[in-house]
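Pasted below: coords22.pdb, PDB, C-alpha atoms and all ligand atoms.
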ATOM      1  CA  MET A 178     -26.177  14.241 -25.867
ATOM      2  CA  GLY A 179     -22.843  13.756 -27.688
ATOM      3  CA  LEU A 180     -22.757  12.876 -31.383
ATOM      4  CA  PHE A 181     -21.052   9.564 -30.597
ATOM      5  CA  GLU A 182     -23.187   8.537 -27.628
ATOM      6  CA  GLY A 183     -23.705   4.757 -27.992
ATOM      7  CA  LYS A 184     -21.233   4.565 -30.925
ATOM      8  CA  LYS A 185     -18.259   2.246 -30.921
ATOM      9  CA  GLY A 186     -15.143   2.206 -33.017
ATOM     10  CA  LEU A 187     -11.577   1.177 -33.658
ATOM     11  CA  VAL A 188      -8.591   3.516 -33.830
ATOM     12  CA  PHE A 189      -5.339   2.516 -35.559
ATOM     13  CA  GLY A 190      -2.342   4.849 -35.436
ATOM     14  CA  ILE A 191      -1.677   6.395 -32.036
ATOM     15  CA  ALA A 192       2.066   6.380 -31.311
ATOM     16  CA  ASN A 193       2.236   9.241 -28.792
ATOM     17  CA  ASP A 194       0.471  12.436 -27.765
ATOM     18  CA  PHE A 195       1.562  14.213 -30.970
ATOM     19  CA  SER A 196      -0.172  11.626 -33.186
ATOM     20  CA  ILE A 197      -3.046  12.908 -35.310
ATOM     21  CA  ALA A 198      -5.020   9.808 -34.281
ATOM     22  CA  TRP A 199      -4.760  10.949 -30.649
ATOM     23  CA  ALA A 200      -6.121  14.417 -31.524
ATOM     24  CA  ILE A 201      -9.046  12.736 -33.311
ATOM     25  CA  THR A 202      -9.586  10.277 -30.454
ATOM     26  CA  GLN A 203      -9.898  13.108 -27.961
ATOM     27  CA  GLU A 204     -12.670  14.722 -30.013
ATOM     28  CA  LEU A 205     -14.487  11.403 -30.430
ATOM     29  CA  ALA A 206     -14.213  10.691 -26.705
ATOM     30  CA  LYS A 207     -15.588  14.142 -25.798
ATOM     31  CA  ASP A 208     -18.671  13.264 -27.845
ATOM     32  CA  GLY A 209     -19.191   9.951 -26.110
ATOM     33  CA  ALA A 210     -17.516   7.358 -28.410
ATOM     34  CA  GLU A 211     -16.356   4.049 -26.953
ATOM     35  CA  MET A 212     -13.131   2.888 -28.571
ATOM     36  CA  GLY A 213     -10.621   0.082 -28.896
ATOM     37  CA  PHE A 214      -7.038   0.876 -29.885
ATOM     38  CA  THR A 215      -3.931  -0.697 -31.388
ATOM     39  CA  HIS A 216      -0.241  -0.015 -30.871
ATOM     40  CA  LEU A 217       2.855  -0.998 -32.805
ATOM     41  CA  PRO A 218       4.099  -4.281 -31.252
ATOM     42  CA  ASP A 219       7.147  -4.019 -28.981
ATOM     43  CA  LYS A 220      10.316  -5.879 -29.948
ATOM     44  CA  ASP A 221      11.260  -6.491 -26.314
ATOM     45  CA  PRO A 222       8.250  -7.754 -24.292
ATOM     46  CA  GLU A 223      10.217  -6.949 -21.112
ATOM     47  CA  ARG A 224      10.240  -3.281 -22.099
ATOM     48  CA  PRO A 225       6.868  -2.585 -23.783
ATOM     49  CA  LYS A 226       7.634   1.037 -24.676
ATOM     50  CA  ASN A 227       5.086   1.382 -27.485
ATOM     51  CA  ALA A 228       2.293  -0.261 -25.509
ATOM     52  CA  ASN A 229       3.015   1.841 -22.402
ATOM     53  CA  LYS A 230       3.079   5.120 -24.326
ATOM     54  CA  VAL A 231      -0.291   4.466 -25.928
ATOM     55  CA  ARG A 232      -1.831   2.970 -22.762
ATOM     56  CA  LYS A 233      -0.947   6.094 -20.770
ATOM     57  CA  LEU A 234      -3.005   8.139 -23.228
ATOM     58  CA  VAL A 235      -5.971   5.906 -23.968
ATOM     59  CA  ASP A 236      -6.536   4.940 -20.315
ATOM     60  CA  THR A 237      -7.434   8.576 -19.693
ATOM     61  CA  ILE A 238     -10.444   8.302 -22.004
ATOM     62  CA  GLY A 239     -11.593   4.862 -20.817
ATOM     63  CA  ALA A 240     -10.298   2.700 -23.700
ATOM     64  CA  LYS A 241     -12.242  -0.549 -24.067
ATOM     65  CA  PHE A 242      -9.073  -2.390 -25.149
ATOM     66  CA  LEU A 243      -5.553  -1.879 -26.432
ATOM     67  CA  VAL A 244      -3.963  -4.606 -28.568
ATOM     68  CA  PRO A 245      -0.757  -4.864 -30.624
ATOM     69  CA  CYS A 246      -1.041  -4.719 -34.400
ATOM     70  CA  GLU A 247       1.736  -4.890 -36.958
ATOM     71  CA  ILE A 248      -0.236  -3.956 -40.038
ATOM     72  CA  THR A 249       1.881  -6.079 -42.407
ATOM     73  CA  ILE A 250       0.742  -9.254 -40.608
ATOM     74  CA  ASP A 251      -2.747 -10.495 -41.553
ATOM     75  CA  GLU A 252      -3.191 -12.584 -38.389
ATOM     76  CA  GLN A 253      -2.622  -9.506 -36.226
ATOM     77  CA  ILE A 254      -5.208  -7.485 -38.160
ATOM     78  CA  ASP A 255      -7.656 -10.423 -37.853
ATOM     79  CA  ALA A 256      -7.037 -10.499 -34.103
ATOM     80  CA  VAL A 257      -7.917  -6.804 -33.740
ATOM     81  CA  PHE A 258     -11.250  -7.226 -35.528
ATOM     82  CA  ASP A 259     -11.984 -10.422 -33.550
ATOM     83  CA  LYS A 260     -11.321  -8.490 -30.342
ATOM     84  CA  ALA A 261     -13.628  -5.684 -31.512
ATOM     85  CA  GLU A 262     -16.365  -8.234 -32.236
ATOM     86  CA  GLN A 263     -15.961  -9.821 -28.774
ATOM     87  CA  GLU A 264     -16.030  -6.454 -26.988
ATOM     88  CA  PHE A 265     -18.543  -4.538 -29.056
ATOM     89  CA  GLY A 266     -20.431  -6.965 -31.317
ATOM     90  CA  LYS A 267     -21.006  -4.329 -33.981
ATOM     91  CA  ILE A 268     -18.998  -1.139 -34.515
ATOM     92  CA  ASP A 269     -19.750   2.254 -36.088
ATOM     93  CA  PHE A 270     -16.385   3.574 -37.253
ATOM     94  CA  VAL A 271     -12.765   2.769 -38.038
ATOM     95  CA  LEU A 272      -9.980   5.345 -38.050
ATOM     96  CA  HIS A 273      -6.928   4.504 -40.185
ATOM     97  CA  SER A 274      -4.044   6.832 -39.323
ATOM     98  CA  ILE A 275      -1.023   4.805 -40.407
ATOM     99  CA  ALA A 276       1.806   5.480 -42.831
ATOM    100  CA  PHE A 277       5.452   4.517 -43.203
ATOM    101  CA  ALA A 278       8.263   4.601 -45.741
ATOM    102  CA  PRO A 279      11.868   3.611 -45.043
ATOM    103  CA  PRO A 280      13.779   6.868 -44.365
ATOM    104  CA  GLU A 281      16.357   6.129 -47.076
ATOM    105  CA  ASP A 282      13.562   5.876 -49.660
ATOM    106  CA  LEU A 283      11.472   8.749 -48.306
ATOM    107  CA  THR A 284      14.228  11.331 -48.612
ATOM    108  CA  GLY A 285      14.132  10.909 -52.407
ATOM    109  CA  PRO A 286      14.637  11.393 -55.222
ATOM    110  CA  VAL A 287      11.642   9.257 -56.199
ATOM    111  CA  TYR A 288      13.595   7.655 -59.068
ATOM    112  CA  ALA A 289      16.093   6.306 -56.536
ATOM    113  CA  SER A 290      13.435   4.507 -54.435
ATOM    114  CA  SER A 291      14.322   0.887 -53.845
ATOM    115  CA  ARG A 292      11.927  -1.844 -54.940
ATOM    116  CA  GLY A 293      11.673  -3.086 -51.355
ATOM    117  CA  GLY A 294      11.120   0.409 -49.940
ATOM    118  CA  PHE A 295       8.382   1.120 -52.471
ATOM    119  CA  LYS A 296       6.613  -2.158 -51.681
ATOM    120  CA  LEU A 297       6.836  -1.663 -47.927
ATOM    121  CA  ALA A 298       5.652   1.959 -48.086
ATOM    122  CA  MET A 299       2.666   0.983 -50.241
ATOM    123  CA  GLU A 300       1.889  -2.014 -48.045
ATOM    124  CA  ILE A 301       1.900  -0.087 -44.758
ATOM    125  CA  SER A 302       0.440   3.185 -46.037
ATOM    126  CA  VAL A 303      -2.127   1.948 -48.581
ATOM    127  CA  TYR A 304      -2.806  -1.790 -48.471
ATOM    128  CA  SER A 305      -3.423  -1.435 -44.716
ATOM    129  CA  LEU A 306      -6.605   0.557 -45.455
ATOM    130  CA  ILE A 307      -7.794  -2.082 -47.905
ATOM    131  CA  ALA A 308      -7.030  -4.862 -45.413
ATOM    132  CA  MET A 309      -8.980  -3.037 -42.712
ATOM    133  CA  ALA A 310     -11.975  -2.273 -44.931
ATOM    134  CA  GLY A 311     -12.298  -5.933 -45.958
ATOM    135  CA  ARG A 312     -12.413  -7.022 -42.331
ATOM    136  CA  ALA A 313     -14.438  -4.083 -40.986
ATOM    137  CA  LYS A 314     -17.396  -4.465 -43.316
ATOM    138  CA  ARG A 315     -18.846  -7.487 -41.516
ATOM    139  CA  LEU A 316     -18.773  -5.564 -38.212
ATOM    140  CA  LEU A 317     -19.790  -2.080 -39.285
ATOM    141  CA  ASN A 318     -23.396  -1.031 -38.713
ATOM    142  CA  PRO A 319     -25.262   0.471 -41.684
ATOM    143  CA  GLY A 320     -24.415   4.184 -41.709
ATOM    144  CA  GLY A 321     -20.944   3.360 -40.377
ATOM    145  CA  SER A 322     -17.827   5.126 -41.504
ATOM    146  CA  ILE A 323     -14.138   4.596 -42.269
ATOM    147  CA  LEU A 324     -11.687   7.494 -42.336
ATOM    148  CA  THR A 325      -8.058   7.688 -43.454
ATOM    149  CA  LEU A 326      -5.469  10.478 -43.343
ATOM    150  CA  SER A 327      -3.902  11.853 -46.494
ATOM    151  CA  TYR A 328      -1.807  14.761 -47.696
ATOM    152  CA  LEU A 329      -1.830  17.094 -50.706
ATOM    153  CA  GLY A 330       1.366  15.439 -51.965
ATOM    154  CA  GLY A 331      -0.919  12.665 -53.243
ATOM    155  CA  GLU A 332      -2.651  15.093 -55.647
ATOM    156  CA  ARG A 333       0.193  17.419 -56.639
ATOM    157  CA  VAL A 334       3.967  17.362 -56.619
ATOM    158  CA  ILE A 335       5.120  18.658 -53.234
ATOM    159  CA  PRO A 336       8.928  18.825 -53.209
ATOM    160  CA  GLY A 337      10.247  16.783 -50.283
ATOM    161  CA  TYR A 338       7.176  14.534 -49.965
ATOM    162  CA  ASN A 339       8.562  12.111 -52.542
ATOM    163  CA  LEU A 340       7.615   8.442 -52.233
ATOM    164  CA  MET A 341       4.876   9.183 -49.675
ATOM    165  CA  GLY A 342       3.159  11.294 -52.352
ATOM    166  CA  LEU A 343       2.831   8.195 -54.522
ATOM    167  CA  CYS A 344       1.390   6.331 -51.536
ATOM    168  CA  LYS A 345      -1.167   9.063 -50.800
ATOM    169  CA  ALA A 346      -2.261   9.093 -54.464
ATOM    170  CA  ALA A 347      -2.917   5.354 -54.247
ATOM    171  CA  LEU A 348      -4.573   5.784 -50.840
ATOM    172  CA  GLU A 349      -7.008   8.443 -52.088
ATOM    173  CA  ASN A 350      -7.837   6.333 -55.123
ATOM    174  CA  SER A 351      -8.472   3.368 -52.822
ATOM    175  CA  VAL A 352     -10.881   5.551 -50.843
ATOM    176  CA  GLY A 353     -12.954   6.009 -54.019
ATOM    177  CA  TYR A 354     -13.101   2.312 -54.882
ATOM    178  CA  LEU A 355     -13.790   1.278 -51.296
ATOM    179  CA  ALA A 356     -16.507   3.952 -50.954
ATOM    180  CA  HIS A 357     -18.186   2.560 -54.066
ATOM    181  CA  GLU A 358     -18.008  -1.043 -52.871
ATOM    182  CA  LEU A 359     -18.890  -0.563 -49.202
ATOM    183  CA  GLY A 360     -21.601   1.982 -49.940
ATOM    184  CA  ARG A 361     -23.441  -0.507 -52.137
ATOM    185  CA  GLU A 362     -22.789  -3.597 -50.051
ATOM    186  CA  CYS A 363     -23.326  -2.359 -46.517
ATOM    187  CA  ASP A 364     -24.187   1.354 -46.438
ATOM    188  CA  VAL A 365     -20.750   2.260 -45.081
ATOM    189  CA  ARG A 366     -18.965   5.517 -45.977
ATOM    190  CA  VAL A 367     -15.232   5.809 -46.696
ATOM    191  CA  ASN A 368     -13.486   9.182 -46.715
ATOM    192  CA  ALA A 369     -10.061  10.780 -46.458
ATOM    193  CA  LEU A 370      -8.995  13.865 -44.559
ATOM    194  CA  SER A 371      -6.088  15.657 -46.203
ATOM    195  CA  ALA A 372      -4.296  17.506 -43.404
ATOM    196  CA  GLY A 373      -1.815  20.326 -43.646
ATOM    197  CA  PRO A 374       1.524  19.756 -41.920
ATOM    198  CA  VAL A 375       1.306  18.846 -38.206
ATOM    199  CA  LYS A 376       4.407  18.143 -36.121
ATOM    200  CA  THR A 377       4.431  14.372 -35.383
ATOM    201  CA  ILE A 378       6.960  11.505 -35.510
ATOM    202  CA  SER A 379       5.935  10.641 -39.088
ATOM    203  CA  ALA A 380       6.218  14.288 -40.163
ATOM    204  CA  SER A 381       9.771  14.470 -38.842
ATOM    205  CA  GLY A 382      10.709  11.867 -41.485
ATOM    206  CA  VAL A 383       9.632  14.214 -44.291
ATOM    207  CA  GLY A 384      12.583  16.303 -45.503
ATOM    208  CA  ASP A 385      12.351  20.089 -45.016
ATOM    209  CA  PHE A 386       9.278  19.804 -42.788
ATOM    210  CA  LYS A 387      10.079  23.164 -41.140
ATOM    211  CA  LYS A 388      10.122  24.829 -44.546
ATOM    212  CA  MET A 389       6.739  23.277 -45.309
ATOM    213  CA  LEU A 390       5.325  24.916 -42.175
ATOM    214  CA  GLN A 391       6.718  28.290 -43.310
ATOM    215  CA  LEU A 392       5.214  27.866 -46.783
ATOM    216  CA  TYR A 393       1.752  27.317 -45.311
ATOM    217  CA  GLU A 394       2.080  30.503 -43.241
ATOM    218  CA  THR A 395       3.099  32.452 -46.326
ATOM    219  CA  PHE A 396       0.889  31.010 -49.070
ATOM    220  CA  SER A 397      -2.313  29.684 -47.494
ATOM    221  CA  PRO A 398      -5.447  31.866 -47.510
ATOM    222  CA  LEU A 399      -5.594  31.727 -43.688
ATOM    223  CA  LYS A 400      -1.863  32.614 -43.457
ATOM    224  CA  ARG A 401      -1.223  30.072 -40.712
ATOM    225  CA  ASN A 402      -0.746  26.419 -40.017
ATOM    226  CA  ILE A 403      -3.537  24.211 -38.767
ATOM    227  CA  SER A 404      -3.622  22.617 -35.316
ATOM    228  CA  ALA A 405      -3.981  18.916 -34.580
ATOM    229  CA  ALA A 406      -7.225  19.800 -32.779
ATOM    230  CA  GLU A 407      -8.640  21.276 -36.009
ATOM    231  CA  VAL A 408      -7.898  17.972 -37.745
ATOM    232  CA  GLY A 409      -9.540  16.206 -34.802
ATOM    233  CA  LYS A 410     -12.761  18.173 -35.105
ATOM    234  CA  ALA A 411     -13.068  17.776 -38.891
ATOM    235  CA  ALA A 412     -12.285  14.065 -38.626
ATOM    236  CA  MET A 413     -14.958  13.697 -35.975
ATOM    237  CA  PHE A 414     -17.421  15.364 -38.354
ATOM    238  CA  LEU A 415     -16.563  12.962 -41.195
ATOM    239  CA  LEU A 416     -16.908   9.950 -38.910
ATOM    240  CA  SER A 417     -20.205  11.196 -37.481
ATOM    241  CA  ASP A 418     -23.799  11.085 -38.732
ATOM    242  CA  LEU A 419     -23.492  14.804 -39.568
ATOM    243  CA  ALA A 420     -21.575  13.594 -42.647
ATOM    244  CA  SER A 421     -24.112  10.876 -43.513
ATOM    245  CA  GLY A 422     -24.301  12.038 -47.148
ATOM    246  CA  ILE A 423     -20.541  12.235 -47.690
ATOM    247  CA  THR A 424     -18.504   9.355 -49.077
ATOM    248  CA  GLY A 425     -15.511   8.906 -51.380
ATOM    249  CA  GLU A 426     -14.477  12.443 -50.420
ATOM    250  CA  THR A 427     -11.107  13.956 -49.579
ATOM    251  CA  LEU A 428     -11.647  16.883 -47.220
ATOM    252  CA  HIS A 429      -8.748  19.330 -46.940
ATOM    253  CA  VAL A 430      -7.978  20.735 -43.504
ATOM    254  CA  ASP A 431      -5.010  22.870 -44.512
ATOM    255  CA  SER A 432      -5.856  26.575 -44.070
ATOM    256  CA  GLY A 433      -6.965  26.482 -47.718
ATOM    257  CA  TYR A 434      -3.431  25.882 -49.056
ATOM    258  CA  HIS A 435      -4.659  23.403 -51.689
ATOM    259  CA  ILE A 436      -6.748  26.004 -53.569
ATOM    260  CA  MET A 437      -3.769  28.217 -54.404
ATOM    261  CA  GLY A 438      -2.417  28.048 -57.939
ATOM    262  CA  GLY A 439       0.494  30.356 -57.193
ATOM    263  CA  PRO A 440       2.131  32.337 -54.394
ATOM    264  CA  PRO A 441       0.739  35.688 -53.216
ATOM    265  CA  LEU A 442       1.675  38.551 -55.570
ATOM    266  CA  GLU A 443       3.955  40.097 -52.903
ATOM    267  CA  ALA A 444       6.207  37.033 -53.301
ATOM    268  CA  ALA A 445       7.117  38.198 -56.838
ATOM    269  CA  GLY A 446       8.731  41.381 -55.423
ATOM    270  CA  GLU A 447       8.685  44.761 -57.226
TER     271      GLU A 447
HETATM  272  N1  LIG A 501       1.740  14.972 -39.597
HETATM  273  C1  LIG A 501       1.403  15.502 -40.761
HETATM  274  O1  LIG A 501       1.859  16.593 -41.125
HETATM  275  C2  LIG A 501       0.433  14.786 -41.651
HETATM  276  C3  LIG A 501      -0.207  15.501 -42.674
HETATM  277  C4  LIG A 501      -1.114  14.831 -43.501
HETATM  278  C5  LIG A 501      -1.347  13.476 -43.311
HETATM  279  N2  LIG A 501      -0.696  12.814 -42.291
HETATM  280  C6  LIG A 501      -0.987  11.382 -42.134
HETATM  281  O2  LIG A 501      -1.541  11.154 -40.859
HETATM  282  C7  LIG A 501      -1.358   9.773 -40.537
HETATM  283  C8  LIG A 501      -0.843   9.678 -39.101
HETATM  284  O3  LIG A 501       0.475  10.208 -39.034
HETATM  285  P1  LIG A 501       0.953  11.179 -37.846
HETATM  286  O4  LIG A 501       1.469  12.395 -38.507
HETATM  287  O5  LIG A 501      -0.059  11.239 -36.792
HETATM  288  O6  LIG A 501       2.255  10.428 -37.321
HETATM  289  P2  LIG A 501       2.441   9.270 -36.222
HETATM  290  O7  LIG A 501       3.856   8.831 -36.403
HETATM  291  O8  LIG A 501       2.041   9.740 -34.896
HETATM  292  O9  LIG A 501       1.432   8.137 -36.712
HETATM  293  C9  LIG A 501       1.775   7.150 -37.648
HETATM  294  C10 LIG A 501       1.297   5.832 -37.094
HETATM  295  O10 LIG A 501       1.559   4.783 -38.028
HETATM  296  C11 LIG A 501       1.872   3.633 -37.239
HETATM  297  N3  LIG A 501       2.568   2.630 -38.043
HETATM  298  C12 LIG A 501       3.642   2.811 -38.855
HETATM  299  N4  LIG A 501       4.030   1.621 -39.349
HETATM  300  C13 LIG A 501       3.173   0.682 -38.870
HETATM  301  C14 LIG A 501       3.057  -0.720 -39.021
HETATM  302  N5  LIG A 501       3.918  -1.434 -39.756
HETATM  303  N6  LIG A 501       2.047  -1.366 -38.367
HETATM  304  C15 LIG A 501       1.171  -0.676 -37.574
HETATM  305  N7  LIG A 501       1.248   0.659 -37.390
HETATM  306  C16 LIG A 501       2.233   1.330 -38.033
HETATM  307  C17 LIG A 501       2.752   4.188 -36.138
HETATM  308  O11 LIG A 501       2.862   3.287 -35.056
HETATM  309  C18 LIG A 501       2.007   5.459 -35.786
HETATM  310  O12 LIG A 501       1.069   5.216 -34.779
HETATM  311  C19 LIG A 501      -0.415   9.217 -41.587
HETATM  312  O13 LIG A 501      -1.178   8.568 -42.584
HETATM  313  C20 LIG A 501       0.224  10.473 -42.150
HETATM  314  O14 LIG A 501       0.717  10.296 -43.470
HETATM  315  C21 LIG A 501       0.169  13.441 -41.469
END

With the file now loaded, output its structure as structure tokens.
Ligand SMILES: NC(=O)c1ccc[n+]([C@@H]2O[C@H](COP(=O)([O-])OP(=O)(O)OC[C@H]3O[C@@H](n4cnc5c(N)ncnc54)[C@H](O)[C@@H]3O)[C@@H](O)[C@H]2O)c1
Amino acid sequence: MGLFEGKKGLVFGIANDFSIAWAITQELAKDGAEMGFTHLPDKDPERPKNANKVRKLVDTIGAKFLVPCEITIDEQIDAVFDKAEQEFGKIDFVLHSIAFAPPEDLTGPVYASSRGGFKLAMEISVYSLIAMAGRAKRLLNPGGSILTLSYLGGERVIPGYNLMGLCKAALENSVGYLAHELGRECDVRVNALSAGPVKTISASGVGDFKKMLQLYETFSPLKRNISAAEVGKAAMFLLSDLASGITGETLHVDSGYHIMGGPPLEAAGE
């Protein structure tokens, strides 16, 4: 019997087949999870490109529903949780895999970030988790779980990650506060998975992404980059009952890159 047999959940953040949320979804589906999904609303209802892209994927794993959700609009978030209640009654997990910063602010330097860009990046990348947690808690079964995606740039300075680093710092801190509150109030766990670089649409907005991939091959203990499937499996673990004693945690899935305090000695030359 799969780990998610009889479990139901909501997934926010699939844009296409490169999305980390899709890699996680595939693992959850293999283990029997039933899921509802959201997509970024389409500007032109005659040409629903976003909806179609996501539908093509989630139909293959028997999605229970797919609804639009612009995460800056409260009524749209409410509608997703109402839909989940109608379809499922109670749920067991929520996956938050959403981030955005305006390209002109993301490319840095951080001191040149605009006020509007900072607010929007924090709203979409951080407040969205808080907004979801507040709504999810009435639907989540005891033992339920919320998971978000982070990156090492929230803990340390990673050149090129810039404004998104500030967002991930706030996101990981939110995970701690939410874990404290939801653990006490409703026995729900909240964790973050800090992934190494994976080629996706969001990643392409981060300057020097190719160089980041090379750095992981050179400096990480495993001397390679991670795959989206490896993120999927670890995320599935954190969302599952196997992780029932884990909350407020940030788990790194990054070939061990985060433990290094310096480059390998060979990098210093003779
Ligand atoms: N790709 C990486 O290297 C990497 C590494 C560590 C962490 N992450 C994190 O993983 C998460 C998923 O990113 P990804 O790499 O899969 O890229 P992605 O572009 O596939 O996913 C980002 C998602 O955010 C959604 N989104 C953006 N703005 C939104 C809004 N206003 N309303 C609703 N949805 C919105 C997009 O539609 C998309 O589905 C992000 O939090 C990202 O920071 C990515």

How close does each residue of chain A get to ligand LIG 501 (chain A), giving the shortest atom pair and distance in Å to one decimal for every residue with an atom at most 6 Å away, counting all atoms listed in the file, sorted by chain and residue number, as JSON lines?
{"residue": "A:Gly190", "atom": "CA", "partner": "A:LIG501", "partner_atom": "O12", "distance": 3.5}
{"residue": "A:Ile191", "atom": "CA", "partner": "A:LIG501", "partner_atom": "O12", "distance": 4.1}
{"residue": "A:Ala192", "atom": "CA", "partner": "A:LIG501", "partner_atom": "O12", "distance": 3.8}
{"residue": "A:Phe195", "atom": "CA", "partner": "A:LIG501", "partner_atom": "O8", "distance": 6.0}
{"residue": "A:Ser196", "atom": "CA", "partner": "A:LIG501", "partner_atom": "O8", "distance": 3.4}
{"residue": "A:Ile197", "atom": "CA", "partner": "A:LIG501", "partner_atom": "O5", "distance": 3.7}
{"residue": "A:Ala198", "atom": "CA", "partner": "A:LIG501", "partner_atom": "O5", "distance": 5.7}
{"residue": "A:Leu217", "atom": "CA", "partner": "A:LIG501", "partner_atom": "O11", "distance": 4.8}
{"residue": "A:Cys246", "atom": "CA", "partner": "A:LIG501", "partner_atom": "C15", "distance": 5.6}
{"residue": "A:Glu247", "atom": "CA", "partner": "A:LIG501", "partner_atom": "N6", "distance": 3.8}
{"residue": "A:Ile248", "atom": "CA", "partner": "A:LIG501", "partner_atom": "N6", "distance": 3.8}
{"residue": "A:Thr249", "atom": "CA", "partner": "A:LIG501", "partner_atom": "N5", "distance": 5.7}
{"residue": "A:Ser274", "atom": "CA", "partner": "A:LIG501", "partner_atom": "C7", "distance": 4.2}
{"residue": "A:Ile275", "atom": "CA", "partner": "A:LIG501", "partner_atom": "O10", "distance": 3.5}
{"residue": "A:Ala276", "atom": "CA", "partner": "A:LIG501", "partner_atom": "O13", "distance": 4.3}
{"residue": "A:Phe277", "atom": "CA", "partner": "A:LIG501", "partner_atom": "C12", "distance": 5.0}
{"residue": "A:Ile301", "atom": "CA", "partner": "A:LIG501", "partner_atom": "N5", "distance": 5.6}
{"residue": "A:Leu326", "atom": "CA", "partner": "A:LIG501", "partner_atom": "O2", "distance": 4.7}
{"residue": "A:Ser327", "atom": "CA", "partner": "A:LIG501", "partner_atom": "C5", "distance": 4.4}
{"residue": "A:Tyr328", "atom": "CA", "partner": "A:LIG501", "partner_atom": "C4", "distance": 4.3}
{"residue": "A:Ser371", "atom": "CA", "partner": "A:LIG501", "partner_atom": "C4", "distance": 5.7}
{"residue": "A:Ala372", "atom": "CA", "partner": "A:LIG501", "partner_atom": "C4", "distance": 4.2}
{"residue": "A:Gly373", "atom": "CA", "partner": "A:LIG501", "partner_atom": "C3", "distance": 5.2}
{"residue": "A:Pro374", "atom": "CA", "partner": "A:LIG501", "partner_atom": "O1", "distance": 3.3}
{"residue": "A:Val375", "atom": "CA", "partner": "A:LIG501", "partner_atom": "O1", "distance": 3.7}
{"residue": "A:Lys376", "atom": "CA", "partner": "A:LIG501", "partner_atom": "N1", "distance": 5.4}
{"residue": "A:Thr377", "atom": "CA", "partner": "A:LIG501", "partner_atom": "O4", "distance": 4.7}
{"residue": "A:Ile378", "atom": "CA", "partner": "A:LIG501", "partner_atom": "O7", "distance": 4.2}
{"residue": "A:Ser379", "atom": "CA", "partner": "A:LIG501", "partner_atom": "O7", "distance": 3.8}
{"residue": "A:Ala380", "atom": "CA", "partner": "A:LIG501", "partner_atom": "N1", "distance": 4.6}

Worksheet entry | the PyMOL selection byres (((chain A and resi 332) around 10) and not hetatm) resolved against shown file, as a ChimeraX atom specification | /A:327-331,333-335,342-343,345-347,349,435

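Excluding region 404-412 of chain A itself and any same-chain residue fewer than 3 positions from it, the protein and nucleic acid residues within 6 Å of it, counting all atoms listed in the file, are Ala200, Ile201, Glu204 and Leu415 of chain A.
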
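Residues selected in this file by the PyMOL selection byres (((chain A and resi 240) around 8) and not hetatm) comprise Glu211, Met212, Gly213, Phe214, Val235, Asp236, Thr237, Ile238, Gly239, Lys241, Phe242 and Leu243 of chain A.
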
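A straight line drawn from CA of Ile436 (chain A) to CA of Val365 (chain A) is 28.8 Å long.
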
Worksheet item: Expanded to explicit residues, what is the PyMOL selection byres (((chain A and resi 271) around 12) and not hetatm) for this file, as a PyMOL selection string?
Response: chain A and resi 184-190+198+201-202+205+210-215+257-258+261+267-270+272-274+306+309-314+316-318+321-326+365-369+412-413+415-417

What are the closest atom pairs, with distances in Å to one decimal, for all residues of region 399-433 of chain A lying within 12 Å of region 361-364 of chain A? Consider all atoms listed in the file, order rows by chain and residue number, and present the result as a tab-separated table.
residue	atom	partner	partner_atom	distance
A:Ser421	CA	A:Asp364	CA	10.0
A:Gly422	CA	A:Asp364	CA	10.7
A:Ile423	CA	A:Asp364	CA	11.5
A:Thr424	CA	A:Asp364	CA	10.2

Item to complete: Pick out the closest residue to Asp385 (chain A) from this set: A:Leu283, A:Gly425, A:Pro440, A:Ser397. Count only C-alpha atoms.
Response: A:Leu283

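Pairwise distance (CA of Ser290 (chain A), CA of Gly384 (chain A)) equals 14.8 Å.
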
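Taking CA of Met341 (chain A) as the reference point, CA of Phe295 (chain A) is found at 9.2 Å.
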
Centre, edges in Å (one decimal): axis-aligned box, region 264-272 of chain A, 3 Å padding on all six sides, as AutoDock Vina command-line options:
--center_x -15.5 --center_y -0.8 --center_z -32.5 --size_x 17.0 --size_y 18.3 --size_z 17.1

Fill in: Spatial sel., origin (-4.4, 29.2, -50.0), limit 6 Å, only C-alpha atoms, listed as a PyMOL selection string
chain A and resi 396-398+433-434+436-437
